[in-house]
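query_28.cif (mmCIF, C-alpha atoms) appears below.
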```
data_upload
#
loop_
_atom_site.label_atom_id
_atom_site.label_comp_id
_atom_site.auth_asym_id
_atom_site.auth_seq_id
_atom_site.Cartn_x
_atom_site.Cartn_y
_atom_site.Cartn_z
CA MET A 1 23.56 -3.77 3.52
CA ILE A 2 22.55 -0.39 4.96
CA THR A 3 21.72 1.95 2.08
CA TYR A 4 20.11 4.95 3.79
CA GLN A 5 19.86 6.56 7.23
CA THR A 6 17.79 9.54 8.30
CA THR A 7 15.64 10.93 11.08
CA VAL A 8 11.91 11.37 10.47
CA LEU A 9 11.35 15.01 9.49
CA GLU A 10 8.52 17.27 10.64
CA GLU A 11 7.15 17.60 7.09
CA TRP A 12 6.80 13.81 6.77
CA VAL A 13 4.38 13.27 9.68
CA ASP A 14 0.58 13.53 9.86
CA TYR A 15 -1.56 15.29 12.46
CA ASN A 16 -0.83 12.44 14.89
CA GLY A 17 2.93 12.88 14.61
CA HIS A 18 3.33 9.59 12.71
CA LEU A 19 5.18 9.09 9.44
CA ARG A 20 2.64 9.32 6.59
CA ASP A 21 2.44 6.28 4.25
CA ALA A 22 3.90 8.09 1.23
CA PHE A 23 6.96 9.22 3.18
CA TYR A 24 7.94 5.65 4.02
CA LEU A 25 8.22 5.30 0.24
CA LEU A 26 10.23 8.53 -0.01
CA ILE A 27 12.78 7.04 2.40
CA PHE A 28 12.84 3.82 0.34
CA SER A 29 13.21 5.94 -2.81
CA TYR A 30 16.29 7.66 -1.36
CA ALA A 31 17.64 4.20 -0.47
CA THR A 32 17.19 3.10 -4.08
CA ASP A 33 19.06 6.23 -5.22
CA ALA A 34 21.93 5.36 -2.87
CA PHE A 35 21.93 1.76 -4.10
CA MET A 36 22.02 3.00 -7.69
CA THR A 37 25.15 5.01 -6.90
CA ARG A 38 26.69 1.94 -5.25
CA ILE A 39 26.28 -0.12 -8.44
CA GLY A 40 27.87 2.61 -10.52
CA ILE A 41 24.90 4.28 -12.19
CA ASP A 42 25.24 8.08 -12.29
CA PRO A 43 22.41 9.88 -14.14
CA GLN A 44 24.28 13.16 -14.50
CA ARG A 45 27.51 11.60 -15.76
CA ASP A 46 26.20 8.73 -17.89
CA GLN A 47 22.67 9.79 -18.85
CA GLN A 48 21.49 6.47 -17.41
CA SER A 49 19.17 5.90 -14.51
CA LEU A 50 16.74 3.50 -12.85
CA PHE A 51 13.00 4.05 -13.30
CA THR A 52 10.55 2.45 -10.89
CA LEU A 53 8.15 0.17 -12.75
CA GLU A 54 6.28 -1.20 -9.77
CA CYS A 55 6.50 -1.31 -6.00
CA HIS A 56 4.78 -2.89 -3.03
CA LEU A 57 4.81 -1.74 0.58
CA ASN A 58 3.87 -3.42 3.83
CA TYR A 59 3.35 -1.17 6.83
CA LEU A 60 4.23 -2.98 10.07
CA HIS A 61 4.70 -0.30 12.74
CA GLU A 62 4.11 3.39 13.22
CA VAL A 63 7.19 5.62 13.20
CA LYS A 64 7.23 8.87 15.15
CA ARG A 65 8.52 12.32 14.32
CA GLY A 66 12.27 12.54 15.01
CA ALA A 67 12.89 8.77 15.07
CA ALA A 68 16.23 7.59 13.69
CA VAL A 69 15.67 5.01 10.96
CA GLU A 70 17.74 3.06 8.47
CA VAL A 71 17.07 1.07 5.31
CA ARG A 72 18.63 -2.36 4.66
CA THR A 73 18.56 -3.58 1.10
CA GLN A 74 18.66 -7.03 -0.48
CA VAL A 75 18.96 -7.83 -4.20
CA ILE A 76 16.30 -10.42 -5.03
CA ALA A 77 17.04 -10.85 -8.73
CA HIS A 78 17.97 -9.05 -11.91
CA ASP A 79 18.02 -9.64 -15.63
CA GLN A 80 19.72 -7.59 -18.36
CA LYS A 81 17.63 -4.47 -17.78
CA ARG A 82 15.58 -5.01 -14.66
CA LEU A 83 16.43 -5.11 -10.98
CA HIS A 84 14.24 -6.54 -8.21
CA LEU A 85 15.15 -4.98 -4.84
CA TYR A 86 13.82 -5.47 -1.33
CA HIS A 87 14.13 -2.84 1.40
CA ASP A 88 13.48 -3.06 5.14
CA LEU A 89 12.93 0.11 7.19
CA LEU A 90 14.27 -0.31 10.74
CA VAL A 91 13.86 1.97 13.72
CA CYS A 92 17.40 2.31 15.06
CA GLY A 93 18.09 0.90 18.52
CA GLN A 94 14.68 -0.77 18.78
CA GLY A 95 15.13 -3.81 16.56
CA ILE A 96 11.76 -3.04 14.96
CA THR A 97 11.07 -3.45 11.26
CA ALA A 98 8.60 -0.64 10.58
CA ALA A 99 7.96 -1.41 6.90
CA ALA A 100 9.10 -3.45 3.93
CA SER A 101 9.13 -2.57 0.26
CA GLU A 102 9.71 -4.53 -2.90
CA GLN A 103 10.63 -2.65 -6.04
CA MET A 104 11.01 -3.55 -9.70
CA LEU A 105 13.32 -1.08 -11.43
CA LEU A 106 14.16 -0.59 -15.09
CA HIS A 107 17.55 0.57 -16.37
CA VAL A 108 17.00 3.46 -18.77
CA ASN A 109 19.11 5.45 -21.19
CA LEU A 110 17.89 8.99 -20.55
CA ARG A 111 18.79 10.11 -24.08
CA GLY A 112 15.76 8.17 -25.40
CA PRO A 113 14.49 7.73 -22.86
CA GLN A 114 14.46 4.01 -23.54
CA SER A 115 15.29 0.86 -21.64
CA ALA A 116 18.91 -0.30 -21.91
CA PRO A 117 21.01 -3.22 -20.63
CA PHE A 118 23.09 -2.62 -17.50
CA ASN A 119 26.73 -1.71 -18.13
CA GLU A 120 29.27 -4.47 -17.53
CA ALA A 121 30.60 -2.74 -14.40
CA THR A 122 27.09 -2.66 -12.92
CA VAL A 123 26.52 -6.35 -13.72
CA MET A 124 29.77 -7.17 -11.88
CA GLN A 125 28.71 -5.08 -8.86
CA LEU A 126 25.31 -6.77 -8.77
CA GLY A 127 26.97 -10.20 -8.96
CA SER A 128 29.27 -9.34 -6.09
CA ILE A 129 26.38 -8.11 -3.92
CA ARG A 130 24.35 -11.23 -4.74
CA GLU A 131 27.27 -13.36 -3.60
CA GLN A 132 27.66 -11.43 -0.33
CA GLN A 133 23.93 -11.84 0.28
CA SER A 134 23.63 -15.48 -0.82
CA HIS A 135 23.16 -16.64 2.80
CA LEU A 136 20.07 -14.44 3.26
CA PRO A 137 16.67 -16.15 3.04
CA THR A 138 13.88 -14.82 0.83
CA PRO A 139 12.42 -11.90 2.82
CA PRO A 140 9.00 -12.32 4.45
CA TYR A 141 7.10 -9.66 2.48
CA CYS A 142 8.37 -10.70 -0.93
CA GLY A 143 5.91 -11.69 -3.67
CA ARG A 144 2.77 -10.56 -1.91
CA THR A 145 -0.64 -9.92 -3.48
CA ILE A 146 -3.21 -7.54 -1.98
CA GLY A 147 -6.66 -8.95 -1.28
CA LEU A 148 -9.21 -9.87 1.36
CA ALA A 149 -9.31 -13.56 2.19
CA PRO A 150 -12.75 -14.92 1.13
CA ALA A 151 -13.57 -16.09 4.67
CA THR A 152 -13.44 -12.55 6.04
CA SER A 153 -15.11 -10.77 3.12
CA GLY A 154 -18.12 -8.68 4.03
CA ARG A 155 -19.58 -8.87 0.52
CA MET B 1 -15.41 8.73 -8.78
CA ILE B 2 -12.90 11.59 -8.71
CA THR B 3 -11.42 11.82 -5.21
CA TYR B 4 -8.50 14.22 -5.63
CA GLN B 5 -7.23 16.87 -8.03
CA THR B 6 -3.94 18.77 -7.93
CA THR B 7 -1.13 20.13 -10.03
CA VAL B 8 2.33 18.58 -9.70
CA LEU B 9 4.31 20.78 -7.31
CA GLU B 10 7.94 21.82 -7.67
CA GLU B 11 8.94 19.95 -4.50
CA TRP B 12 7.57 16.65 -5.88
CA VAL B 13 9.79 16.43 -8.97
CA ASP B 14 13.32 15.05 -9.42
CA TYR B 15 16.29 16.64 -11.22
CA ASN B 16 14.63 15.77 -14.55
CA GLY B 17 11.43 17.63 -13.72
CA HIS B 18 9.44 14.39 -13.38
CA LEU B 19 7.23 13.38 -10.48
CA ARG B 20 9.31 11.21 -8.09
CA ASP B 21 7.91 7.73 -7.33
CA ALA B 22 7.09 8.50 -3.69
CA PHE B 23 5.03 11.56 -4.61
CA TYR B 24 2.70 9.54 -6.81
CA LEU B 25 1.89 7.75 -3.55
CA LEU B 26 1.49 11.07 -1.72
CA ILE B 27 -1.18 12.06 -4.25
CA PHE B 28 -2.87 8.66 -3.78
CA SER B 29 -2.61 9.13 -0.02
CA TYR B 30 -4.45 12.46 -0.25
CA ALA B 31 -7.07 10.71 -2.40
CA THR B 32 -7.53 8.09 0.32
CA ASP B 33 -7.96 10.88 2.89
CA ALA B 34 -10.65 12.46 0.71
CA PHE B 35 -12.36 9.10 0.26
CA MET B 36 -12.28 8.57 4.04
CA THR B 37 -14.11 11.87 4.50
CA ARG B 38 -16.65 10.85 1.87
CA ILE B 39 -17.53 7.65 3.79
CA GLY B 40 -17.97 9.59 7.00
CA ILE B 41 -14.76 8.89 8.91
CA ASP B 42 -13.42 11.98 10.68
CA PRO B 43 -10.32 11.38 12.82
CA GLN B 44 -10.61 14.64 14.77
CA ARG B 45 -14.31 14.27 15.55
CA ASP B 46 -14.60 10.51 16.07
CA GLN B 47 -11.10 9.40 17.02
CA GLN B 48 -11.32 6.90 14.17
CA SER B 49 -9.18 6.67 11.09
CA LEU B 50 -7.89 4.43 8.30
CA PHE B 51 -4.36 3.03 8.56
CA THR B 52 -2.62 1.73 5.44
CA LEU B 53 -1.67 -1.93 5.88
CA GLU B 54 -0.29 -2.54 2.42
CA CYS B 55 -0.13 -0.90 -0.98
CA HIS B 56 1.04 -1.61 -4.50
CA LEU B 57 1.88 0.86 -7.25
CA ASN B 58 2.35 0.52 -10.99
CA TYR B 59 4.10 3.38 -12.77
CA LEU B 60 2.88 3.73 -16.34
CA HIS B 61 3.90 7.20 -17.53
CA GLU B 62 6.09 10.06 -16.43
CA VAL B 63 4.31 13.15 -15.13
CA LYS B 64 5.90 16.58 -15.48
CA ARG B 65 6.16 19.51 -13.10
CA GLY B 66 3.00 21.61 -13.23
CA ALA B 67 0.80 18.93 -14.84
CA ALA B 68 -2.84 18.87 -13.75
CA VAL B 69 -3.77 15.40 -12.48
CA GLU B 70 -6.73 13.71 -10.86
CA VAL B 71 -7.33 10.49 -8.97
CA ARG B 72 -10.28 8.19 -9.71
CA THR B 73 -11.15 5.66 -7.07
CA GLN B 74 -12.90 2.29 -7.11
CA VAL B 75 -13.92 0.20 -4.09
CA ILE B 76 -12.75 -3.38 -4.75
CA ALA B 77 -14.00 -5.00 -1.54
CA HIS B 78 -14.39 -4.52 2.17
CA ASP B 79 -15.07 -6.56 5.26
CA GLN B 80 -16.00 -5.39 8.77
CA LYS B 81 -12.70 -3.59 9.36
CA ARG B 82 -10.77 -3.58 6.13
CA LEU B 83 -11.18 -1.69 2.87
CA HIS B 84 -9.56 -2.58 -0.45
CA LEU B 85 -9.33 0.50 -2.70
CA TYR B 86 -7.99 1.04 -6.20
CA HIS B 87 -6.81 4.42 -7.47
CA ASP B 88 -5.94 5.58 -11.00
CA LEU B 89 -3.86 8.72 -11.51
CA LEU B 90 -4.87 10.51 -14.72
CA VAL B 91 -3.19 13.41 -16.47
CA CYS B 92 -6.06 15.83 -17.15
CA GLY B 93 -6.93 16.50 -20.76
CA GLN B 94 -4.58 13.81 -22.09
CA GLY B 95 -6.57 10.65 -21.35
CA ILE B 96 -3.37 9.09 -19.95
CA THR B 97 -3.33 6.86 -16.88
CA ALA B 98 0.03 7.70 -15.32
CA ALA B 99 -0.11 5.23 -12.44
CA ALA B 100 -2.33 2.84 -10.54
CA SER B 101 -2.37 1.95 -6.85
CA GLU B 102 -4.07 -0.72 -4.83
CA GLN B 103 -4.40 -0.18 -1.10
CA MET B 104 -5.52 -2.30 1.84
CA LEU B 105 -6.70 -0.07 4.69
CA LEU B 106 -7.63 -0.91 8.28
CA HIS B 107 -10.27 0.95 10.28
CA VAL B 108 -8.76 1.96 13.61
CA ASN B 109 -10.06 3.41 16.87
CA LEU B 110 -7.34 5.94 17.69
CA ARG B 111 -8.04 5.70 21.42
CA GLY B 112 -6.30 2.29 21.47
CA PRO B 113 -5.10 2.47 18.86
CA GLN B 114 -6.79 -0.77 17.86
CA SER B 115 -8.69 -2.09 14.89
CA ALA B 116 -12.46 -1.52 15.01
CA PRO B 117 -15.48 -2.36 12.81
CA PHE B 118 -16.74 0.38 10.50
CA ASN B 119 -19.67 2.42 11.84
CA GLU B 120 -23.08 1.61 10.38
CA ALA B 121 -23.16 4.91 8.46
CA THR B 122 -19.83 4.08 6.80
CA VAL B 123 -21.02 0.57 5.86
CA MET B 124 -24.10 2.16 4.21
CA GLN B 125 -21.91 4.63 2.30
CA LEU B 126 -19.61 1.85 1.12
CA GLY B 127 -22.61 -0.21 0.00
CA SER B 128 -23.99 2.74 -1.95
CA ILE B 129 -20.64 3.36 -3.69
CA ARG B 130 -20.27 -0.35 -4.50
CA GLU B 131 -23.70 -0.25 -6.13
CA GLN B 132 -22.87 2.85 -8.18
CA GLN B 133 -19.65 1.15 -9.32
CA SER B 134 -21.11 -2.31 -9.92
CA HIS B 135 -20.81 -1.89 -13.71
CA LEU B 136 -17.03 -1.31 -13.51
CA PRO B 137 -14.76 -4.24 -14.41
CA THR B 138 -11.91 -5.36 -12.15
CA PRO B 139 -9.12 -2.85 -12.83
CA PRO B 140 -6.08 -3.98 -14.83
CA TYR B 141 -3.41 -3.56 -12.12
CA CYS B 142 -5.37 -5.31 -9.38
CA GLY B 143 -3.90 -8.34 -7.60
CA ARG B 144 -0.40 -8.07 -9.02
CA THR B 145 2.75 -9.74 -7.71
CA ILE B 146 6.25 -8.32 -8.30
CA GLY B 147 8.78 -10.64 -9.89
CA LEU B 148 10.92 -11.33 -12.94
CA ALA B 149 9.48 -13.91 -15.31
CA PRO B 150 11.85 -16.94 -15.32
CA ALA B 151 12.43 -16.69 -19.09
CA THR B 152 14.00 -13.23 -18.77
CA SER B 153 15.98 -13.81 -15.57
CA GLY B 154 19.69 -13.12 -15.87
CA ARG B 155 20.57 -15.41 -12.96
#
```
Using structure tokens, write down the structure from this file.
Amino acid sequence: MITYQTTVLEEWVDYNGHLRDAFYLLIFSYATDAFMTRIGIDPQRDQQSLFTLECHLNYLHEVKRGAAVEVRTQVIAHDQKRLHLYHDLLVCGQGITAAASEQMLLHVNLRGPQSAPFNEATVMQLGSIREQQSHLPTPPYCGRTIGLAPATSGR
Amino acid sequence: MITYQTTVLEEWVDYNGHLRDAFYLLIFSYATDAFMTRIGIDPQRDQQSLFTLECHLNYLHEVKRGAAVEVRTQVIAHDQKRLHLYHDLLVCGQGITAAASEQMLLHVNLRGPQSAPFNEATVMQLGSIREQQSHLPTPPYCGRTIGLAPATSGR
């Protein structure tokens, strides 16, 4: 499921002309916004939104200024209030996955703000997407922990 | 060790006036740049730099437009080429930790580009910082994995 497409903007690159680490996450953040719309959550209309609790990124390839990229999104799991998403960032036409990001999101009633169960319509949408994606394997950069392996530690 | 201080800029906030998830990482990214300078790595002079391999963020509190924030940084570990850093984002004057980020960084010779061992001067700097920080406990959001606990899963 493609959730976001863009070209890499001038203000997102560093002195080397490569996408800066934080702007990979900005692209993933826009993809999450688009996914939120797709599952029927509209902050302005409903005073409900998704807050990011936690995220993880793996950087796999450099991306240059002006490159066309797209984000593909997989639902890993959800419960009544939380949604576990996985995004891949692909460089269009090159078949390269440039980065991967896992995100844990919380459904929030903005009037509190406080956490709130997903609406029934959103639960149905999530179920339908899960079914469409049921053939997909668990993605490679899912469930990772950051750390140096003891054998290579310089301590 | 305070590595970066800023106020939250207008272009970093969402429609609610809160810092967007990706811009927490931009602030951490600037903190990593400042830390890199502190350990004697200068991309322009030496054609060496740090590339982010992987990072993890935990969002703990909202941060509003115009808030004064600072990043405090702890060295978790390093080997010959890799550096494991931990950043806290604090809202100044409020004693609130707004977010935490773990990062795994790779030392790179930009002429390749290819991974390269740290220079001796950098290894000395890292050793000195590790010694200054030896009284600090392992930070709370270190080594985390994203996932829904089975008991709360809605599947």
*Within 8 Å of chain B, which residues of chain A are there when counting only C-alpha atoms? Please give them as number ranges by chain.*
A: 21-23, 25-26, 29, 52-60, 77-80, 84, 102-104, 143-148, 152-155
*asked:* Using only C-alpha atoms, which protein or nucleic acid residues come within 12 Å of Gln74 (chain B)? Drop anything in the same chain fewer than 5 positions from it, and give the result as a ChimeraX atom specification.
replied: /B:1-3,31-32,35,83-89,100-103,126,129-139,142
*Apply the PyMOL selection byres ((chain A and resi 67) around 6) to the displayed file and report the matching residues as a VMD selection string.*
chain A and resid 7 to 8 64 to 66 68
*Do a neighbour search on Leu50 (chain B) at 7 Å with all atoms listed in the file, toss out local chain neighbours closer than 3 positions, and write the hits as number ranges by chain.*
B: 105-108
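Residues within 10 Å of Ile41 (chain B), counting only C-alpha atoms and excluding same-chain residues fewer than 3 positions away, are Asp33, Ala34, Phe35, Met36, Thr37, Arg38, Gln44, Arg45, Asp46, Gln47, Gln48, Ser49, Leu50, His107, Phe118, Asn119, Ala121 and Thr122 of chain B.
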Once 5 Å is added on each side, what are the centre and the three edge lengths, in Å to one decimal, of the axis-aligned box enclosing the listed atoms of region 86-96 of chain B? Present them as AutoDock Vina command-line options.
```
--center_x -5.6 --center_y 8.8 --center_z -14.1 --size_x 14.8 --size_y 25.5 --size_z 25.9
```
*Pick from A:Gly40, A:Val63, A:Gly95, A:Pro117: nearest to Gly17 (chain A), with only C-alpha atoms counted?*
A:Val63
